[in-house]
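Written below as structure tokens is the structure these notes are about.
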Amino acid sequence: MTPGLDRLETRLRASRAAGRKLLVPYLTGGLPGWTDGVRAAAANGADVIEIGLPFSDPVMDGPVIQEASQRALDAGATPVSILEEARSLDVEVPLVVMCYYNTIHHPGHRRFASMLTSAGICGAIVPDLPLEESGPWCAAADSAGLSTIMLAAPTAPDERLPLVCARARGFVYSVGLLGVTGERTSLAATATALARRLKAVTDVPVIVGVGVSNAEQAVEACQVADGVVQGASVVRRFMADGADGVGDYVAEVRQALDSHR
Amino acid sequence: MNPTPSIMSPPSSTGRFGEFGGRFVPETLVPACQELESAFTEAWADPIFRAELDSILKEYAGRPSILTECHQLGARLGLRLLLKREDLNHTGSHKINNVLGQTLLAKRMGKKRIVAETGAGQHGVASATAAALMGLECKVYMGAVDVERQALNVFRMKLLGAEVEAVHSGSRTLKDAVNEAMRDWVATVESTHYCLGSVMGPHPYPWMVREFHRVIGREAFEQCLERIGDVPDVVVACVGGGSNALGIFSGFVDSRARLIGVEPAGGAAVGRGQPGVVHGMRSYLMQDEYGQVSEAHSVSAGLDYPGVGPEHSYLASIGRAEYPTVTDAEVIEAFQLMARTEGIIPALECAHAVAWIAREAPGMQGQTILMNLSGRGDKDVGQMMGILG
């Protein structure tokens with residue numbers, strides 16, 4: 001491993017260099033059949049897959065992912081059970097988790113890091129852990145070889161963005177709008193505006209998430225960004241149509257991104 | 001020689017009281033919290049802001065609140081019982097102190113709109129009131145369970161021009177109302193101030209809200225010296241998030257008085273929780289073995305919360321304050337006891353403090369007890385009609 005450049009980032013930079021836009025589907029772990037959803041996403045063109053660890057109080061999530069989290073919790077899912085199932089996933093695509101900070105804080109930073117590595121997870125996105133509070137987790141993640149994907153928000157003043165990017169591993173999660181996760185009728189102007197500001201200060205891959213709701217919006221975001229996260233749009237389809245719904249949708253977005261190279 | 005610093009000093013630069021507090025919020029909200037911190041720091045040091053707030057507290061909220069001695073109940077329990085009458089403030093609780101401070105600050109910051117969460121509806125009513133007074137738009141989030149059990153307060157908020165949204169997620173109580181208010185704020189942060197109702201949330205809220213409630217402790221300290229020539233032996237308040245308790249504790253934290261924060265048995269964050277992170281802060285939190293936040297269960301909507309303000313966790317950790325619990329049954333008994341012996345209907349929240357005093361009276365014979373009567377019980381009468389038949 002190159003010092004300062006982790007495995008996930010190396011892989012994503014190589015894809016970017018080959019002219020590929022990065023596609024990151026998100027699926028709530030613990031929903032019945034979720035591992036099939038992950039396989040379907042992997043088989044249809046995902047570059048990274050985000051596995052949501054459901055939390056009782058998801059303050060960054062809108063109605064679709066809230067509902068998915070509640071369903072998973074009602075079905076008895078726990079971080080331990082989800083990571084146990086993730087370990088059995090035989091996919092080539094890198095897996096990261098999206099989890100709220102108490103899920104890490106409760107077992108402790110080092111123990112949680114080792115739970116992730118032994119499940120074959122390569123990174124984490126922690127939406128309620130801003131830069132100033134991230135030190136202890138980042139230290140544990142770094143020494144376990146895990147990528148901590150930092151979020152950058154449209155509200156950040158210019159001087160904050162380089163600090164966030166300097167701490168980001170794998171990619172920078174560029175928050176597409178002021179608001180919580182969920183589908184919107186159009187891509188917010190903030191999505192490309194923030195991605196542009198980030199691209200000006202960092203070489204780390206910049207991936208837009210929150211409010212990128214369909215193939216068309218993904219293409220629009222990728223006119224500036226290196227890739228997109230697809231969250232609520234994937235989760236909604238999974239809850240309605242299962243793994244096939246995810247596979248078809250990921251293939252559709254993949255094709256749209258590839259045809260607009 | 002420098003005087004010993006107060007136990008209730010400002011938090012550290014990262015918003016910590018000991019190892020509790022902090023600012024665990026989405027990146028989107030970090031600049032807003034930073035802006036609020038500097039705006040509050042500046043305003044609180046500005047004599048003009050302080051004078052304006054003092055004037056509103058006096059002319060509008062009706063401060064200072066009086067100190068009432070409970071002669072009948074005191075004689076019955078074998079102790080001297082003094083009540084700090086925050087229930088007599090405009091809108092019927094201590095919440096108005098914080099809300100007037102925050103809305104004045106919001107206006108100074110150029111915000112046009114406030115959002116608030118509410119449990120029992122007291123903070124929601126206070127927020128709607130202050131918004132009407134200051135010409136701000138106001139939206140209040142309230143758990144669907146609480147909308148039902150506090151219908152009167154819902155109507156009051158609407159009458160005052162606020163929009164009330166019932167929250168149907170999770171436990172459908174205060175915790176979920178906070179989640180929804182935070183989600184609103186994430187989307188509207190440029191125009192909106194989040195008027196948080198207790199000494200909780202991300203830095204600077206726990207500190208700022210405490211400062212706005214210091215007036216309770218400052219007045220009570222002077223009133224006690226005047227009335228009994230001393231500080232009381234025990235200072236008691238109920239604790240949900242813990243704002244009325246910190247308000248009154250602030251007057252006595254550096255004295256010899258025992259400080260008691262009474263939690264409901266079904267929402268005992270200090271008593272039954274472990275350190276955890278939710279709603280922007282690290283504090284004691286009721287949670288399961290995986291860190292999922294537990295649902296609190298209390299007869300009182302205002303205390304139906306699985307967390308607690310971080311400074312209470314700190315005061316508990318250094319042993320300066322104690323956090324016993326009382327059961328719903330004890331609370332319902334105490335609610336009636338105070339009504340019948342003193343002609344005062346306490347809020348169900350405050351009935352927790354009464355319940356603790358009544359239960360522990362045998363060990364406090366002859367002592368002087370100061371209790372913060374932080375709200376009036378009119379709002380609970382409908383619910384009690386159902387419980388008592």
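Ordering of the structure tokens sets the chain letters (A, B, ...), residue numbers begin anew at 1 in every chain, and ligands are numbered from 1 in the order given.
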Taking only C-alpha atoms into account, which residues of chain B are within 10 Å of chain A, as a ChimeraX atom specification? /B:14,22-32,169-171,175-176,178-190,274-280,282,287-295
Could you give me, as a ChimeraX atom specification, the residues within 6 Å of segment 212-228 of chain A, counting only C-alpha atoms and dropping anything in the same chain fewer than 2 positions from it? /A:21-23,183,187,192,195,205-210,233,253,257
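Atom pair atom CA of Val234 of chain B / atom CA of Ala358 of chain B: separated by 13.3 Å.
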Among segment 177-354 of chain B, which ones does DSSP place in strand (DSSP E or B), written as a PyMOL selection string? chain B and resi 192-194+234-238+258-264+274-278+280-285+287+293+307+321-322+325-326+346
Limited to C-alpha atoms, could you put the picked residues into a file as a PDB file, in the first residue's frame?
ATOM      1  CA  THR B 192     -33.635  29.270  10.090  1.00  0.00           C
ATOM      2  CA  HIS B 193     -32.541  29.124  13.700  1.00  0.00           C
ATOM      3  CA  TYR B 194     -33.092  25.863  15.561  1.00  0.00           C
ATOM      4  CA  VAL B 234     -31.239  20.378  49.252  1.00  0.00           C
ATOM      5  CA  VAL B 235     -32.090  21.747  45.790  1.00  0.00           C
ATOM      6  CA  VAL B 236     -34.413  19.494  43.756  1.00  0.00           C
ATOM      7  CA  ALA B 237     -35.616  19.601  40.154  1.00  0.00           C
ATOM      8  CA  CYS B 238     -36.910  17.135  37.601  1.00  0.00           C
ATOM      9  CA  ARG B 258     -27.148  18.875  47.847  1.00  0.00           C
ATOM     10  CA  LEU B 259     -28.248  18.939  44.217  1.00  0.00           C
ATOM     11  CA  ILE B 260     -30.880  16.396  43.164  1.00  0.00           C
ATOM     12  CA  GLY B 261     -32.043  15.841  39.592  1.00  0.00           C
ATOM     13  CA  VAL B 262     -35.036  13.497  39.543  1.00  0.00           C
ATOM     14  CA  GLU B 263     -35.419  11.317  36.470  1.00  0.00           C
ATOM     15  CA  PRO B 264     -38.423   9.178  35.531  1.00  0.00           C
ATOM     16  CA  GLN B 274     -24.144   4.546  29.374  1.00  0.00           C
ATOM     17  CA  PRO B 275     -22.164   7.233  27.532  1.00  0.00           C
ATOM     18  CA  GLY B 276     -23.371   7.483  23.956  1.00  0.00           C
ATOM     19  CA  VAL B 277     -23.756   9.955  21.107  1.00  0.00           C
ATOM     20  CA  VAL B 278     -27.062  11.155  19.733  1.00  0.00           C
ATOM     21  CA  GLY B 280     -25.185  16.145  18.580  1.00  0.00           C
ATOM     22  CA  MET B 281     -23.808  15.363  22.031  1.00  0.00           C
ATOM     23  CA  ARG B 282     -21.911  12.757  23.985  1.00  0.00           C
ATOM     24  CA  SER B 283     -23.788  12.096  27.203  1.00  0.00           C
ATOM     25  CA  TYR B 284     -25.433   9.366  29.224  1.00  0.00           C
ATOM     26  CA  LEU B 285     -27.949   7.627  27.013  1.00  0.00           C
ATOM     27  CA  GLN B 287     -29.330   2.308  24.602  1.00  0.00           C
ATOM     28  CA  VAL B 293     -31.211   4.362  21.354  1.00  0.00           C
ATOM     29  CA  GLY B 307     -30.818  11.109  26.874  1.00  0.00           C
ATOM     30  CA  ALA B 321     -25.275  16.115  41.718  1.00  0.00           C
ATOM     31  CA  GLU B 322     -27.364  12.992  42.321  1.00  0.00           C
ATOM     32  CA  THR B 325     -35.569   8.016  39.821  1.00  0.00           C
ATOM     33  CA  VAL B 326     -39.252   7.893  40.694  1.00  0.00           C
ATOM     34  CA  PRO B 346     -47.803  21.054  39.315  1.00  0.00           C
TER      35      PRO B 346
END
Taking 5 positions as the minimum chain separation for residues in the same chain, which residues sit within 12 Å of Leu225 of chain B when counting only C-alpha atoms? Answer as a VMD selection string. chain B and resid 67 218 to 220 230 to 232 251 to 252
Taking N, CA and C atoms for each residue, export the selection above as a PDB file, in the first residue's frame.
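So again30.pdb came out as:
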ATOM      1  N   LEU B  67     -40.933  33.132  45.311  1.00  0.00           N
ATOM      2  CA  LEU B  67     -40.594  31.934  46.089  1.00  0.00           C
ATOM      3  C   LEU B  67     -41.772  31.694  47.040  1.00  0.00           C
ATOM      4  N   ARG B 218     -30.036  32.448  40.045  1.00  0.00           N
ATOM      5  CA  ARG B 218     -29.590  33.729  40.597  1.00  0.00           C
ATOM      6  C   ARG B 218     -30.688  34.323  41.493  1.00  0.00           C
ATOM      7  N   GLU B 219     -31.902  34.339  40.986  1.00  0.00           N
ATOM      8  CA  GLU B 219     -33.014  34.860  41.796  1.00  0.00           C
ATOM      9  C   GLU B 219     -33.241  33.999  43.038  1.00  0.00           C
ATOM     10  N   ALA B 220     -33.234  32.678  42.836  1.00  0.00           N
ATOM     11  CA  ALA B 220     -33.538  31.771  43.956  1.00  0.00           C
ATOM     12  C   ALA B 220     -32.496  31.901  45.060  1.00  0.00           C
ATOM     13  N   ASP B 230     -29.819  31.706  54.452  1.00  0.00           N
ATOM     14  CA  ASP B 230     -28.835  30.659  54.169  1.00  0.00           C
ATOM     15  C   ASP B 230     -29.193  30.012  52.832  1.00  0.00           C
ATOM     16  N   VAL B 231     -28.321  29.150  52.354  1.00  0.00           N
ATOM     17  CA  VAL B 231     -28.716  28.332  51.211  1.00  0.00           C
ATOM     18  C   VAL B 231     -29.526  27.150  51.749  1.00  0.00           C
ATOM     19  N   PRO B 232     -30.408  26.570  50.918  1.00  0.00           N
ATOM     20  CA  PRO B 232     -31.168  25.406  51.397  1.00  0.00           C
ATOM     21  C   PRO B 232     -30.243  24.195  51.562  1.00  0.00           C
ATOM     22  N   GLY B 251     -27.446  28.461  40.753  1.00  0.00           N
ATOM     23  CA  GLY B 251     -27.350  29.368  41.893  1.00  0.00           C
ATOM     24  C   GLY B 251     -26.693  28.741  43.117  1.00  0.00           C
ATOM     25  N   PHE B 252     -26.559  27.410  43.113  1.00  0.00           N
ATOM     26  CA  PHE B 252     -26.132  26.724  44.331  1.00  0.00           C
ATOM     27  C   PHE B 252     -24.983  25.731  44.118  1.00  0.00           C
TER      28      PHE B 252
END
Write down as JSON, numbers by chain the residues belonging to segment 9-258 of chain A that are assigned helix (DSSP H, G or I) by DSSP computed on the backbone. {"A": [9, 10, 11, 12, 13, 14, 15, 16, 17, 34, 35, 36, 37, 38, 39, 40, 41, 42, 43, 63, 64, 65, 66, 67, 68, 69, 70, 71, 72, 73, 74, 79, 80, 81, 82, 83, 84, 85, 86, 87, 101, 102, 103, 104, 105, 109, 110, 111, 112, 113, 114, 115, 116, 117, 118, 131, 132, 133, 135, 136, 137, 138, 139, 140, 141, 142, 143, 144, 160, 161, 162, 163, 164, 165, 166, 167, 189, 190, 191, 192, 193, 194, 195, 196, 197, 198, 199, 200, 201, 215, 216, 217, 218, 219, 220, 221, 232, 233, 234, 235, 236, 237, 238, 239, 240, 241, 242, 243, 244, 245, 246, 247, 248, 249, 250, 251, 252, 253, 254, 255, 256, 257, 258]}
Residues near Asp142 of chain A, anyone? I mean within 12 Å using only C-alpha atoms, not counting same-chain ones fewer than 4 positions away, as an MDAnalysis selection string. chainID A and resid 3:7 109:110 113:114 117 122:124 134:138 146:149 167:170
Excluding Ser6 of chain B and any residue of its chain fewer than 2 positions from it, enumerate the residues within 12 Å of it, using only C-alpha atoms, and give them as a list in words. Asn2, Pro3, Thr4, Met8, Ser9, Pro10, Pro11, Phe249, Ser250, Gly251, Phe252, Val253, Asp254 and Ser255 of chain B
I'd like the neighbourhood of Phe335 of chain B as a PyMOL selection string, where a residue qualifies if any of its atoms comes within 9 Å (using only C-alpha atoms), though same-chain residues fewer than 6 positions away should be ignored. chain B and resi 345-348+350-352+354-355+377
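Atom CA of Ile369 of chain B to atom CA of Arg80 of chain B spans 6.0 Å [interatomic distance, one decimal].
Each of B:Ile56, B:Val199, B:Ala296, B:Leu303 was checked against Ala120 of chain B using only C-alpha atoms; the smallest atom-to-atom distance is that of B:Leu303.
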Residues at most 7 Å from Gly231 of chain A, counting only C-alpha atoms, excluding those fewer than 4 positions away in the same chain, as an NGL selection string? :A and (25-27 or 235)
Output the selection as a tab-separated table (two decimals), in the first residue's frame - N, CA and C atoms for each residue.
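The result, written out as out.tsv:
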chain	number	residue	atom	x	y	z
A	25	PRO	N	-23.89	2.58	-5.45
A	25	PRO	CA	-25.23	2.32	-4.91
A	25	PRO	C	-25.17	2.09	-3.40
A	26	TYR	N	-26.25	2.47	-2.75
A	26	TYR	CA	-26.40	2.30	-1.29
A	26	TYR	C	-27.56	1.36	-1.03
A	27	LEU	N	-27.37	0.45	-0.09
A	27	LEU	CA	-28.49	-0.40	0.31
A	27	LEU	C	-28.46	-0.59	1.82
A	235	VAL	N	-32.77	2.05	-2.68
A	235	VAL	CA	-33.47	1.43	-1.55
A	235	VAL	C	-34.97	1.29	-1.86
Given only C-alpha atoms as the counted atoms, nearest of B:Leu88, B:Leu53, B:Gly266, B:His123 to Thr68 of chain B: B:Leu88
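With atom CA of Gly52 of chain A on one side and atom CA of Ser143 of chain A on the other, the separation reads 22.8 Å.
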